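Structure data follow from final-v7.txt (compact mmCIF, C-alpha atoms):
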# COMPACT_ATOMS: atom_id res chain seq x y z
CA MET A 14 -28.93 -5.22 -21.30
CA ALA A 15 -30.80 -3.84 -18.31
CA THR A 16 -30.84 -0.40 -19.89
CA ASP A 17 -33.77 -1.50 -22.06
CA HIS A 18 -35.93 -2.76 -19.25
CA VAL A 19 -38.23 0.24 -19.26
CA LEU A 20 -39.53 -0.33 -22.78
CA THR A 21 -42.58 -2.25 -21.69
CA GLY A 22 -45.56 -0.38 -23.02
CA SER A 23 -47.75 -1.96 -20.37
CA ALA A 24 -47.88 -3.34 -16.90
CA PRO A 25 -49.65 -5.88 -14.76
CA PRO A 26 -52.77 -5.03 -12.97
CA GLY A 27 -53.40 -4.07 -9.37
CA PRO A 28 -53.49 -6.07 -6.16
CA SER A 29 -56.19 -8.09 -4.53
CA ASP A 30 -59.02 -5.74 -3.67
CA THR A 31 -61.08 -7.88 -1.34
CA ASP A 32 -61.18 -5.56 1.61
CA ALA A 33 -63.71 -7.32 3.77
CA PRO A 34 -66.41 -9.96 3.58
CA PRO A 35 -69.17 -8.67 1.30
CA ALA A 36 -72.16 -7.42 3.17
CA PRO A 37 -75.45 -8.78 1.81
CA ALA A 38 -77.35 -6.14 -0.11
CA PRO A 39 -80.80 -5.43 1.29
CA ALA A 40 -83.67 -6.57 -0.88
CA SER A 41 -85.47 -3.56 -2.20
CA ALA A 42 -88.50 -2.88 -4.29
CA THR A 43 -86.27 -2.48 -7.32
CA GLU A 44 -84.71 -5.93 -7.03
CA THR A 45 -85.85 -8.85 -9.13
CA PRO A 46 -87.07 -11.95 -7.28
CA ALA A 47 -83.80 -13.74 -8.05
CA ALA A 48 -81.92 -10.97 -6.29
CA GLY A 49 -84.33 -10.64 -3.39
CA ALA A 50 -84.55 -12.81 -0.30
CA ALA A 51 -82.91 -15.84 -1.90
CA GLY A 52 -80.16 -13.73 -3.38
CA GLU A 53 -79.59 -12.06 0.00
CA ALA A 54 -79.25 -15.40 1.75
CA LYS A 55 -76.74 -16.60 -0.80
CA ARG A 56 -74.71 -13.42 -0.51
CA ALA A 57 -74.64 -13.75 3.25
CA GLY A 58 -73.11 -17.21 2.92
CA ILE A 59 -70.21 -16.02 0.77
CA SER A 60 -67.29 -14.39 2.52
CA ARG A 61 -65.57 -13.43 -0.75
CA LEU A 62 -66.00 -13.74 -4.49
CA PRO A 63 -63.60 -16.64 -5.09
CA SER A 64 -64.13 -16.83 -8.86
CA LEU A 65 -62.93 -13.25 -9.17
CA THR A 66 -59.90 -14.14 -7.07
CA GLY A 67 -59.11 -16.96 -9.47
CA LEU A 68 -59.63 -14.76 -12.52
CA ARG A 69 -57.24 -12.23 -11.01
CA PHE A 70 -54.34 -14.62 -11.56
CA LEU A 71 -55.29 -15.23 -15.19
CA ALA A 72 -55.26 -11.49 -15.76
CA ALA A 73 -51.81 -11.23 -14.18
CA LEU A 74 -50.64 -14.15 -16.28
CA THR A 75 -51.71 -12.42 -19.51
CA VAL A 76 -49.44 -9.52 -18.59
CA PHE A 77 -46.61 -11.93 -17.78
CA VAL A 78 -47.01 -13.44 -21.26
CA TYR A 79 -47.10 -9.96 -22.77
CA HIS A 80 -43.78 -9.05 -21.20
CA LEU A 81 -42.26 -12.35 -22.34
CA SER A 82 -43.21 -11.46 -25.92
CA ILE A 83 -41.57 -8.01 -26.03
CA PRO A 84 -38.57 -8.19 -28.41
CA ILE A 85 -36.10 -6.07 -26.44
CA PRO A 86 -32.64 -7.19 -25.25
CA SER A 87 -33.49 -7.14 -21.54
CA LEU A 88 -36.36 -9.62 -22.03
CA ARG A 89 -35.97 -11.49 -25.31
CA LEU A 90 -35.09 -15.20 -25.15
CA LEU A 91 -35.94 -16.60 -28.59
CA ALA A 92 -33.36 -16.61 -31.35
CA ASP A 93 -35.83 -17.00 -34.20
CA ASP A 94 -37.08 -13.59 -35.36
CA ARG A 95 -40.17 -15.05 -36.99
CA THR A 96 -41.38 -16.68 -33.76
CA GLU A 97 -40.40 -13.71 -31.60
CA PHE A 98 -42.23 -11.11 -33.65
CA ARG A 99 -45.24 -13.36 -34.20
CA LEU A 100 -45.62 -13.69 -30.44
CA TYR A 101 -45.32 -9.94 -30.06
CA ARG A 102 -48.07 -9.38 -32.63
CA TRP A 103 -50.32 -11.87 -30.86
CA PHE A 104 -49.81 -10.50 -27.35
CA ASP A 105 -49.22 -6.81 -28.04
CA GLN A 106 -52.51 -5.84 -26.37
CA ALA A 107 -52.49 -8.48 -23.62
CA GLY A 108 -51.04 -5.96 -21.18
CA GLY A 109 -53.85 -3.53 -21.91
CA LEU A 110 -56.37 -6.31 -21.34
CA GLY A 111 -54.89 -7.22 -17.96
CA VAL A 112 -54.68 -3.63 -16.73
CA SER A 113 -58.22 -2.76 -17.78
CA PHE A 114 -59.55 -5.95 -16.20
CA PHE A 115 -57.93 -5.12 -12.89
CA PHE A 116 -59.01 -1.50 -12.83
CA VAL A 117 -62.65 -2.51 -13.36
CA LEU A 118 -62.26 -5.40 -10.91
CA SER A 119 -60.95 -3.04 -8.21
CA GLY A 120 -64.06 -0.92 -8.35
CA PHE A 121 -66.34 -3.96 -8.39
CA VAL A 122 -64.78 -5.89 -5.49
CA LEU A 123 -64.24 -2.88 -3.24
CA THR A 124 -67.90 -1.96 -3.70
CA TRP A 125 -69.08 -5.51 -3.10
CA SER A 126 -67.06 -5.82 0.10
CA ALA A 127 -67.67 -2.30 1.42
CA ARG A 128 -68.51 -2.19 5.11
CA GLY A 129 -71.59 -0.29 6.07
CA ASN A 130 -69.99 1.20 9.20
CA ASP A 131 -66.58 1.82 7.67
CA THR A 132 -64.77 5.14 7.71
CA PRO A 133 -62.51 6.56 5.00
CA ALA A 134 -59.56 6.43 7.42
CA GLY A 135 -60.19 2.76 8.16
CA PHE A 136 -60.47 1.91 4.48
CA TRP A 137 -57.30 3.79 3.58
CA ARG A 138 -55.40 2.13 6.42
CA ARG A 139 -56.29 -1.36 5.18
CA ARG A 140 -55.39 -0.49 1.59
CA PHE A 141 -52.04 0.96 2.65
CA VAL A 142 -51.09 -2.07 4.74
CA LYS A 143 -52.07 -4.47 1.98
CA VAL A 144 -50.39 -2.66 -0.91
CA TYR A 145 -47.42 -0.59 0.16
CA PRO A 146 -45.15 -3.09 1.98
CA ASN A 147 -45.14 -5.45 -1.03
CA TYR A 148 -44.59 -2.47 -3.30
CA VAL A 149 -41.55 -1.33 -1.32
CA VAL A 150 -40.03 -4.82 -1.35
CA ALA A 151 -40.35 -4.93 -5.15
CA TRP A 152 -38.89 -1.41 -5.43
CA VAL A 153 -35.87 -2.40 -3.33
CA LEU A 154 -35.30 -5.58 -5.35
CA ALA A 155 -35.52 -3.76 -8.68
CA MET A 156 -33.16 -1.01 -7.53
CA ALA A 157 -30.67 -3.53 -6.17
CA LEU A 158 -30.70 -5.86 -9.17
CA PHE A 159 -30.76 -3.55 -12.18
CA ALA A 160 -32.52 -0.20 -11.86
CA SER A 161 -30.14 1.84 -9.71
CA ASP A 162 -27.54 2.18 -12.46
CA ILE A 163 -30.00 3.67 -14.95
CA THR A 164 -32.40 5.60 -12.71
CA SER A 165 -31.95 9.12 -11.41
CA ASP A 166 -32.59 9.84 -7.74
CA GLY A 167 -35.65 11.92 -8.59
CA VAL A 168 -37.25 9.19 -10.70
CA ALA A 169 -36.42 6.56 -8.08
CA LEU A 170 -38.13 8.63 -5.37
CA ALA A 171 -41.11 9.30 -7.63
CA ASN A 172 -41.53 5.54 -7.95
CA LEU A 173 -41.10 4.97 -4.22
CA PHE A 174 -43.88 7.47 -3.48
CA MET A 175 -46.06 6.22 -6.36
CA VAL A 176 -46.29 9.51 -8.24
CA GLN A 177 -44.46 8.46 -11.42
CA VAL A 178 -47.75 8.38 -13.37
CA TRP A 179 -48.35 12.13 -13.16
CA VAL A 180 -45.50 13.08 -15.49
CA PRO A 181 -46.04 12.70 -19.28
CA GLU A 182 -42.62 11.05 -19.64
CA TYR A 183 -42.42 7.46 -20.83
CA TYR A 184 -39.15 6.63 -19.09
CA THR A 185 -40.53 7.98 -15.81
CA ASN A 186 -43.87 6.17 -16.06
CA PHE A 187 -42.19 2.79 -16.69
CA SER A 188 -39.09 3.03 -14.54
CA VAL A 189 -37.54 1.02 -11.66
CA ASP A 190 -40.05 -1.89 -11.59
CA PRO A 191 -42.10 -0.91 -14.68
CA PRO A 192 -45.32 -2.75 -13.69
CA SER A 193 -45.56 -0.56 -10.60
CA TRP A 194 -47.03 2.32 -12.63
CA SER A 195 -50.49 0.78 -12.29
CA LEU A 196 -50.18 0.93 -8.48
CA GLY A 197 -49.65 4.68 -8.79
CA VAL A 198 -53.00 4.79 -10.56
CA GLU A 199 -54.67 2.45 -8.06
CA VAL A 200 -53.64 4.70 -5.17
CA VAL A 201 -55.68 7.51 -6.70
CA PHE A 202 -58.62 5.13 -7.00
CA TYR A 203 -58.34 4.22 -3.32
CA LEU A 204 -58.19 7.85 -2.25
CA CYS A 205 -61.35 8.63 -4.20
CA PHE A 206 -63.29 5.45 -3.46
CA PRO A 207 -65.18 6.54 -0.30
CA LEU A 208 -66.45 9.66 -2.08
CA LEU A 209 -67.31 7.82 -5.30
CA LEU A 210 -69.16 5.04 -3.50
CA ALA A 211 -71.18 7.50 -1.44
CA ALA A 212 -72.13 9.42 -4.58
CA PHE A 213 -73.01 6.37 -6.68
CA ARG A 214 -75.11 4.84 -3.91
CA ARG A 215 -77.43 7.82 -4.28
CA ILE A 216 -78.26 6.85 -7.87
CA ASP A 217 -81.68 5.32 -8.37
CA PRO A 218 -80.95 1.64 -9.18
CA ARG A 219 -83.27 1.92 -12.19
CA HIS A 220 -80.92 4.54 -13.64
CA LEU A 221 -77.66 2.64 -13.13
CA LYS A 222 -77.80 1.32 -16.69
CA TYR A 223 -77.54 4.86 -18.03
CA TRP A 224 -74.52 5.62 -15.87
CA ILE A 225 -72.88 2.35 -16.95
CA GLY A 226 -73.55 3.21 -20.58
CA GLY A 227 -72.07 6.66 -20.04
CA ALA A 228 -68.91 5.20 -18.52
CA VAL A 229 -68.49 2.80 -21.46
CA ALA A 230 -69.01 5.70 -23.86
CA ALA A 231 -66.32 7.69 -22.00
CA VAL A 232 -63.85 4.81 -22.43
CA TRP A 233 -64.53 4.79 -26.16
CA ALA A 234 -64.28 8.58 -26.35
CA THR A 235 -60.83 8.71 -24.74
CA PRO A 236 -58.82 7.50 -27.78
CA ALA A 237 -60.91 9.71 -30.07
CA VAL A 238 -59.92 12.74 -27.97
CA ALA A 239 -56.29 11.65 -27.92
CA TYR A 240 -56.05 11.20 -31.68
CA ALA A 241 -57.83 14.50 -32.30
CA LEU A 242 -56.11 16.80 -29.80
CA PHE A 243 -52.61 15.55 -29.04
CA PRO A 244 -49.57 16.10 -31.28
CA ALA A 245 -48.33 13.23 -33.43
CA THR A 246 -44.76 13.65 -32.15
CA PRO A 247 -42.67 12.83 -30.23
CA LEU A 248 -43.21 9.07 -30.36
CA VAL A 249 -42.90 6.64 -27.48
CA PRO A 250 -39.33 5.26 -27.32
CA SER A 251 -40.49 1.64 -27.49
CA GLY A 252 -40.24 1.49 -31.26
CA GLN A 253 -43.99 1.73 -31.77
CA ASN A 254 -45.42 4.46 -33.97
CA LEU A 255 -47.43 6.02 -31.12
CA PRO A 256 -47.54 9.66 -30.00
CA ALA A 257 -46.04 9.79 -26.52
CA THR A 258 -48.31 12.38 -24.91
CA ALA A 259 -51.45 10.73 -26.26
CA TYR A 260 -50.17 7.38 -24.95
CA TRP A 261 -49.77 8.83 -21.46
CA PHE A 262 -53.20 10.45 -21.62
CA THR A 263 -55.12 7.38 -22.77
CA TYR A 264 -53.28 4.68 -20.85
CA VAL A 265 -51.53 6.06 -17.76
CA LEU A 266 -53.14 9.29 -16.50
CA PRO A 267 -55.10 8.46 -13.30
CA PRO A 268 -58.18 10.70 -13.88
CA VAL A 269 -58.69 9.09 -17.29
CA ARG A 270 -58.31 5.55 -15.97
CA MET A 271 -60.69 6.44 -13.14
CA VAL A 272 -63.50 5.73 -15.59
CA ASP A 273 -62.59 2.01 -15.57
CA PHE A 274 -62.68 1.99 -11.78
CA ALA A 275 -65.98 3.89 -11.64
CA LEU A 276 -67.45 1.42 -14.11
CA GLY A 277 -66.62 -1.41 -11.73
CA ILE A 278 -68.40 0.40 -8.89
CA LEU A 279 -71.51 0.98 -10.98
CA VAL A 280 -71.70 -2.60 -12.21
CA ALA A 281 -71.29 -3.96 -8.66
CA LEU A 282 -74.19 -1.80 -7.52
CA ALA A 283 -76.30 -3.00 -10.46
CA VAL A 284 -75.59 -6.65 -9.59
CA LYS A 285 -76.38 -6.05 -5.91
CA HIS A 286 -79.68 -4.39 -6.75
CA GLY A 287 -80.70 -7.08 -9.23
CA ARG A 288 -80.49 -4.60 -12.11
CA TRP A 289 -77.98 -6.60 -14.13
CA ARG A 290 -78.76 -8.99 -16.98
CA ASN A 291 -76.22 -11.78 -16.64
CA ILE A 292 -75.20 -13.57 -19.86
CA GLY A 293 -72.99 -16.18 -18.17
CA MET A 294 -69.25 -16.80 -18.06
CA ILE A 295 -68.86 -18.79 -21.28
CA PRO A 296 -70.56 -16.18 -23.52
CA SER A 297 -68.55 -13.49 -21.70
CA PHE A 298 -65.29 -15.29 -22.48
CA VAL A 299 -66.33 -15.66 -26.12
CA LEU A 300 -67.05 -11.93 -26.34
CA LEU A 301 -63.74 -11.16 -24.64
CA GLY A 302 -61.96 -13.23 -27.28
CA ALA A 303 -63.84 -11.34 -29.98
CA GLY A 304 -62.94 -8.04 -28.36
CA TYR A 305 -59.27 -9.04 -28.28
CA TRP A 306 -59.42 -10.08 -31.95
CA LEU A 307 -60.88 -6.67 -32.72
CA THR A 308 -57.76 -5.01 -31.29
CA PHE A 309 -55.85 -6.21 -34.37
CA HIS A 310 -58.23 -4.28 -36.62
CA MET A 311 -58.60 -1.01 -34.73
CA PRO A 312 -56.27 1.97 -34.12
CA TYR A 313 -53.91 1.12 -31.25
CA PHE A 314 -55.42 3.31 -28.53
CA TYR A 315 -58.89 1.84 -29.11
CA GLY A 316 -57.43 -1.64 -28.73
CA GLN A 317 -55.83 -0.87 -25.37
CA ARG A 318 -59.16 -0.44 -23.57
CA ALA A 319 -62.23 0.25 -25.66
CA THR A 320 -62.68 -2.93 -27.69
CA MET A 321 -62.48 -5.13 -24.58
CA ILE A 322 -64.21 -3.01 -21.93
CA ILE A 323 -67.74 -4.41 -22.37
CA PRO A 324 -66.62 -8.09 -22.33
CA ILE A 325 -64.48 -7.36 -19.26
CA VAL A 326 -67.50 -5.96 -17.44
CA LEU A 327 -69.69 -8.87 -18.52
CA LEU A 328 -67.13 -11.45 -17.36
CA ILE A 329 -66.60 -9.87 -13.94
CA ALA A 330 -70.34 -9.61 -13.33
CA ALA A 331 -70.91 -13.19 -14.57
CA ALA A 332 -68.21 -14.61 -12.29
CA ALA A 333 -69.59 -12.73 -9.29
CA THR A 334 -73.12 -13.91 -10.09
CA ALA A 335 -71.93 -17.51 -10.36
CA ASP A 336 -70.50 -17.26 -6.84
CA VAL A 337 -73.60 -15.58 -5.44
CA GLU A 338 -75.90 -18.19 -6.94
CA GLY A 339 -73.61 -21.11 -6.12
CA ARG A 340 -73.23 -22.21 -9.75
CA PHE A 341 -70.24 -24.07 -11.12
CA SER A 342 -67.12 -22.05 -11.81
CA LEU A 343 -63.71 -23.22 -12.99
CA PHE A 344 -62.07 -20.40 -11.06
CA ARG A 345 -63.41 -21.19 -7.59
CA ASN A 346 -61.22 -24.23 -6.87
CA ARG A 347 -58.44 -24.14 -4.29
CA VAL A 348 -55.59 -23.89 -6.77
CA MET A 349 -57.06 -20.94 -8.68
CA VAL A 350 -58.02 -19.12 -5.49
CA TRP A 351 -54.53 -19.64 -4.07
CA LEU A 352 -52.95 -18.34 -7.25
CA GLY A 353 -55.29 -15.36 -7.13
CA GLU A 354 -54.27 -14.60 -3.56
CA ILE A 355 -50.59 -14.40 -4.50
CA SER A 356 -51.27 -12.61 -7.81
CA PHE A 357 -50.43 -9.15 -6.42
CA ALA A 358 -46.98 -10.38 -5.41
CA PHE A 359 -46.71 -12.19 -8.75
CA TYR A 360 -47.44 -9.04 -10.68
CA LEU A 361 -44.91 -6.99 -8.71
CA LEU A 362 -42.14 -9.58 -9.00
CA HIS A 363 -42.51 -11.11 -12.45
CA TYR A 364 -40.76 -8.37 -14.42
CA ILE A 365 -37.89 -8.31 -11.94
CA VAL A 366 -37.48 -12.07 -12.35
CA LEU A 367 -37.52 -11.82 -16.15
CA VAL A 368 -34.88 -9.08 -16.30
CA TRP A 369 -32.66 -10.79 -13.71
CA LEU A 370 -32.96 -14.13 -15.53
CA ARG A 371 -32.04 -12.56 -18.86
CA GLU A 372 -28.97 -10.98 -17.29
CA GLN A 373 -27.87 -14.31 -15.79
CA LEU A 374 -28.14 -15.98 -19.20
CA GLY A 375 -25.88 -13.42 -20.81
CA THR A 376 -26.29 -12.70 -24.51
CA ARG A 377 -27.18 -16.26 -25.51
CA MET A 378 -30.44 -16.74 -27.42
CA PHE A 379 -32.42 -19.97 -27.47
CA SER A 380 -34.36 -22.25 -29.77
CA ASP A 381 -38.14 -22.17 -29.55
CA THR A 382 -38.24 -25.37 -27.48
CA ALA A 383 -35.57 -24.25 -25.03
CA GLY A 384 -36.90 -20.70 -24.89
CA PHE A 385 -40.44 -21.78 -24.05
CA ALA A 386 -39.10 -24.13 -21.39
CA ILE A 387 -37.18 -21.24 -19.80
CA MET A 388 -40.32 -19.11 -19.92
CA ALA A 389 -42.33 -21.82 -18.16
CA GLY A 390 -39.59 -22.11 -15.55
CA ALA A 391 -39.66 -18.35 -15.04
CA ALA A 392 -43.41 -18.50 -14.43
CA VAL A 393 -43.04 -21.30 -11.87
CA GLY A 394 -40.16 -19.54 -10.17
CA THR A 395 -42.11 -16.30 -9.97
CA VAL A 396 -45.07 -18.13 -8.43
CA ALA A 397 -42.76 -19.59 -5.76
CA LEU A 398 -41.22 -16.21 -4.96
CA SER A 399 -44.67 -14.64 -4.91
CA TRP A 400 -45.85 -17.15 -2.35
CA VAL A 401 -42.85 -16.27 -0.15
CA LEU A 402 -43.59 -12.55 -0.40
CA TYR A 403 -47.26 -13.18 0.28
CA ARG A 404 -46.62 -15.34 3.34
CA LEU A 405 -43.73 -13.40 4.87
CA VAL A 406 -44.81 -9.81 4.15
CA GLU A 407 -48.39 -9.37 3.00
CA VAL A 408 -50.24 -11.77 5.30
CA PRO A 409 -48.54 -10.96 8.63
CA LEU A 410 -48.59 -7.20 8.10
CA VAL A 411 -52.24 -7.20 7.06
CA ARG A 412 -53.13 -9.26 10.13
CA ARG A 413 -51.13 -7.03 12.43
CA PHE A 414 -51.81 -3.55 11.14
CA SER A 415 -55.04 -3.55 9.13
CA ARG A 416 -56.90 -2.48 12.29
CA SER A 417 -55.83 0.28 14.61
CA ARG A 418 -55.08 -0.60 18.23
CA ARG A 419 -57.86 1.72 19.29
CA ALA A 420 -60.32 -0.33 17.22
CA GLU A 421 -58.97 -3.55 18.73
CA HIS A 422 -59.16 -2.14 22.29
CA PRO A 423 -61.97 0.41 22.28
CA ASP A 424 -61.99 0.69 26.07
CA THR A 425 -58.31 1.63 26.32
CA VAL A 426 -57.80 5.06 27.86
CA THR A 427 -55.27 7.17 25.96

For the structure just supplied, provide its representation as structure tokens.
Amino acid sequence: MATDHVLTGSAPPGPSDTDAPPAPAPASATETPAAGAAGEAKRAGISRLPSLTGLRFLAALTVFVYHLSIPIPSLRLLADDRTEFRLYRWFDQAGGLGVSFFFVLSGFVLTWSARGNDTPAGFWRRRFVKVYPNYVVAWVLAMALFASDITSDGVALANLFMVQVWVPEYYTNFSVDPPSWSLGVEVVFYLCFPLLLAAFRRIDPRHLKYWIGGAVAAVWATPAVAYALFPATPLVPSGQNLPATAYWFTYVLPPVRMVDFALGILVALAVKHGRWRNIGMIPSFVLLGAGYWLTFHMPYFYGQRATMIIPIVLLIAAAATADVEGRFSLFRNRVMVWLGEISFAFYLLHYIVLVWLREQLGTRMFSDTAGFAIMAGAAVGTVALSWVLYRLVEVPLVRRFSRSRRAEHPDTVT
């Protein structure tokens, strides 16, 4: 049963990217009055963007639902084929939605919280401490519970060192703990972020809209390039009629996905400079629903990113603006923020829980009522385990090691 666990086709998004309290953007001549002195004061009073933290969990949950809907032996719970395959049709692109949301969100939040006096080494240190310990715990759990019997030493090490995304090989990309592929992409984002931010800050704020438009155009161009240039065979081994190399190019390859991350940086700068026209969270959600509906009527690679990229950007900017301006947001309450804080652990652990649970249940399949109850229990159980990982690993290590001892004791003679 566990031999099929790699046939995921997607993965959850990246970890929490709030790296520091957001520094208030200086009011400039290019800012609108709403983003000037009043906007600066409001920014200064916000230590984080809590609505984006809450939305982070919803994005992770969409990927959880996607994995629940995949009709493969290592995950499937429902006995009724009609229900199982209907769910898969409905949620086939939910993983792509979650991943794209998190890649854009990473660029946005890291830009918003960037420290003016930070150094690349300091930034990389904080990212490493926040991401890698949780990642290693998930890697160990996956290897111990099911992956070691079906994973070569080379592939296991590639996962451990987060380089599995550089090989155009489906079983390598989605091996050990399959969701971890997106962390291999995020690491490249983090390495490039100081350089990208420095470069994008040099753009005249009045011209940011052209750069944002160019990034959106690049996202739409990616599937066109893939369909035009890559061979139609071999196909991905997930049963979908998709060319494997084109799939890797459009969905996994870090330089290609860097466009999503760069888009988040550009939009954050536009919001900070008052160069963003906010349409609000409700219209953004409506457009996101329309973009998801469009995925059912477009070639597959367009549905993975392109049809939803503009609504994703609009929603992230609208949620951030709601926090800055102190307007009502459903995602700023304590429960949603708490869920968002543990969402990185949730995303790393949820697939492991699903595969382990399926193995414990043996070959038995379930009615719709019983199956959905088991799914809900799996979600609750994963939340509980995520809280444990967050409290026992992520929080103490971030507190202890996110700053160097030299920074804590600048007068110490070495």

- Distance query Val406 of chain A at most 9 Å, only C-alpha atoms, self and fewer than 6 positions along chain excluded, as a VMD selection string: chain A and resid 146 to 147 150

- Item | Long-range neighbours of Ala212 of chain A as JSON, numbers by chain, 12 Å cut-off, only C-alpha atoms, 5 positions minimum in chain | {"A": [205, 206, 207, 217, 275, 278, 279, 282]}

- Task: Select, from A:Arg99, A:Ile292, A:Gly227, A:Val269, the residue with the minimum atom-to-atom distance to Leu327 of chain A, counting all atoms listed in the file.
- Result: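 Ranking A:Arg99, A:Ile292, A:Gly227, A:Val269 by distance to Leu327 of chain A, first place goes to A:Ile292.
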
- Note on the structure: Computed gap from atom CA of Trp400 of chain A to atom CA of Phe359 of chain A is 8.1 Å

Sorted by chain and rising residue number, which residues of segment 71-112 of chain A lie within 12 Å of segment 117-122 of chain A, and what are their closest atom pairs and distances in Å to one decimal, counting only C-alpha atoms, as a Markdown table?
| residue | atom | partner | partner_atom | distance |
| --- | --- | --- | --- | --- |
| A:Ala72 | CA | A:Leu118 | CA | 10.5 |
| A:Leu110 | CA | A:Val117 | CA | 10.8 |
| A:Gly111 | CA | A:Val117 | CA | 10.2 |
| A:Val112 | CA | A:Val117 | CA | 8.7 |

- Message: Let me make sure I understand: among A:Ala319, A:Trp233, A:Trp103, A:Tyr183, which one has the smallest atom-to-atom distance to Leu248 of chain A if we use only C-alpha atoms?
- Response: A:Tyr183

Could I get segment 344-349 of chain A from the block written out with all heavy atoms, as an mmCIF file, in the first residue's frame?
data_model
loop_
_atom_site.group_PDB
_atom_site.id
_atom_site.type_symbol
_atom_site.label_atom_id
_atom_site.label_comp_id
_atom_site.auth_asym_id
_atom_site.auth_seq_id
_atom_site.Cartn_x
_atom_site.Cartn_y
_atom_site.Cartn_z
ATOM 1 N N PHE A 344 -10.210 36.373 9.310
ATOM 2 C CA PHE A 344 -9.013 35.539 9.468
ATOM 3 C C PHE A 344 -8.035 36.102 10.495
ATOM 4 O O PHE A 344 -6.922 35.613 10.623
ATOM 5 C CB PHE A 344 -8.331 35.380 8.113
ATOM 6 C CG PHE A 344 -9.281 34.919 7.050
ATOM 7 C CD1 PHE A 344 -9.797 35.806 6.127
ATOM 8 C CD2 PHE A 344 -9.708 33.610 7.023
ATOM 9 C CE1 PHE A 344 -10.700 35.391 5.175
ATOM 10 C CE2 PHE A 344 -10.618 33.171 6.074
ATOM 11 C CZ PHE A 344 -11.124 34.066 5.141
ATOM 12 N N ARG A 345 -8.474 37.123 11.242
ATOM 13 C CA ARG A 345 -7.594 37.745 12.217
ATOM 14 C C ARG A 345 -7.926 37.319 13.646
ATOM 15 O O ARG A 345 -7.290 37.799 14.595
ATOM 16 C CB ARG A 345 -7.696 39.272 12.081
ATOM 17 C CG ARG A 345 -6.506 40.019 12.648
ATOM 18 C CD ARG A 345 -6.413 41.454 12.162
ATOM 19 N NE ARG A 345 -7.621 42.213 12.353
ATOM 20 C CZ ARG A 345 -8.216 42.937 11.406
ATOM 21 N NH1 ARG A 345 -7.725 42.968 10.183
ATOM 22 N NH2 ARG A 345 -9.313 43.609 11.654
ATOM 23 N N ASN A 346 -8.895 36.432 13.836
ATOM 24 C CA ASN A 346 -9.249 36.004 15.185
ATOM 25 C C ASN A 346 -8.209 35.031 15.717
ATOM 26 O O ASN A 346 -7.371 34.512 14.984
ATOM 27 C CB ASN A 346 -10.651 35.380 15.207
ATOM 28 C CG ASN A 346 -10.748 34.150 14.329
ATOM 29 O OD1 ASN A 346 -10.230 33.085 14.665
ATOM 30 N ND2 ASN A 346 -11.401 34.292 13.176
ATOM 31 N N ARG A 347 -8.281 34.764 17.019
ATOM 32 C CA ARG A 347 -7.246 33.963 17.677
ATOM 33 C C ARG A 347 -7.152 32.559 17.125
ATOM 34 O O ARG A 347 -6.057 32.012 16.963
ATOM 35 C CB ARG A 347 -7.524 33.899 19.186
ATOM 36 C CG ARG A 347 -7.239 35.198 19.927
ATOM 37 C CD ARG A 347 -7.405 34.984 21.420
ATOM 38 N NE ARG A 347 -7.075 36.193 22.169
ATOM 39 C CZ ARG A 347 -7.095 36.262 23.497
ATOM 40 N NH1 ARG A 347 -7.428 35.185 24.213
ATOM 41 N NH2 ARG A 347 -6.787 37.385 24.104
ATOM 42 N N VAL A 348 -8.302 31.953 16.833
ATOM 43 C CA VAL A 348 -8.290 30.569 16.351
ATOM 44 C C VAL A 348 -7.595 30.486 14.995
ATOM 45 O O VAL A 348 -6.727 29.627 14.778
ATOM 46 C CB VAL A 348 -9.725 30.015 16.268
ATOM 47 C CG1 VAL A 348 -9.720 28.634 15.593
ATOM 48 C CG2 VAL A 348 -10.345 29.928 17.648
ATOM 49 N N MET A 349 -7.968 31.377 14.071
ATOM 50 C CA MET A 349 -7.376 31.326 12.735
ATOM 51 C C MET A 349 -5.879 31.653 12.774
ATOM 52 O O MET A 349 -5.077 31.034 12.064
ATOM 53 C CB MET A 349 -8.095 32.285 11.790
ATOM 54 C CG MET A 349 -9.492 31.854 11.401
ATOM 55 S SD MET A 349 -9.552 30.189 10.665
ATOM 56 C CE MET A 349 -8.438 30.365 9.278
#
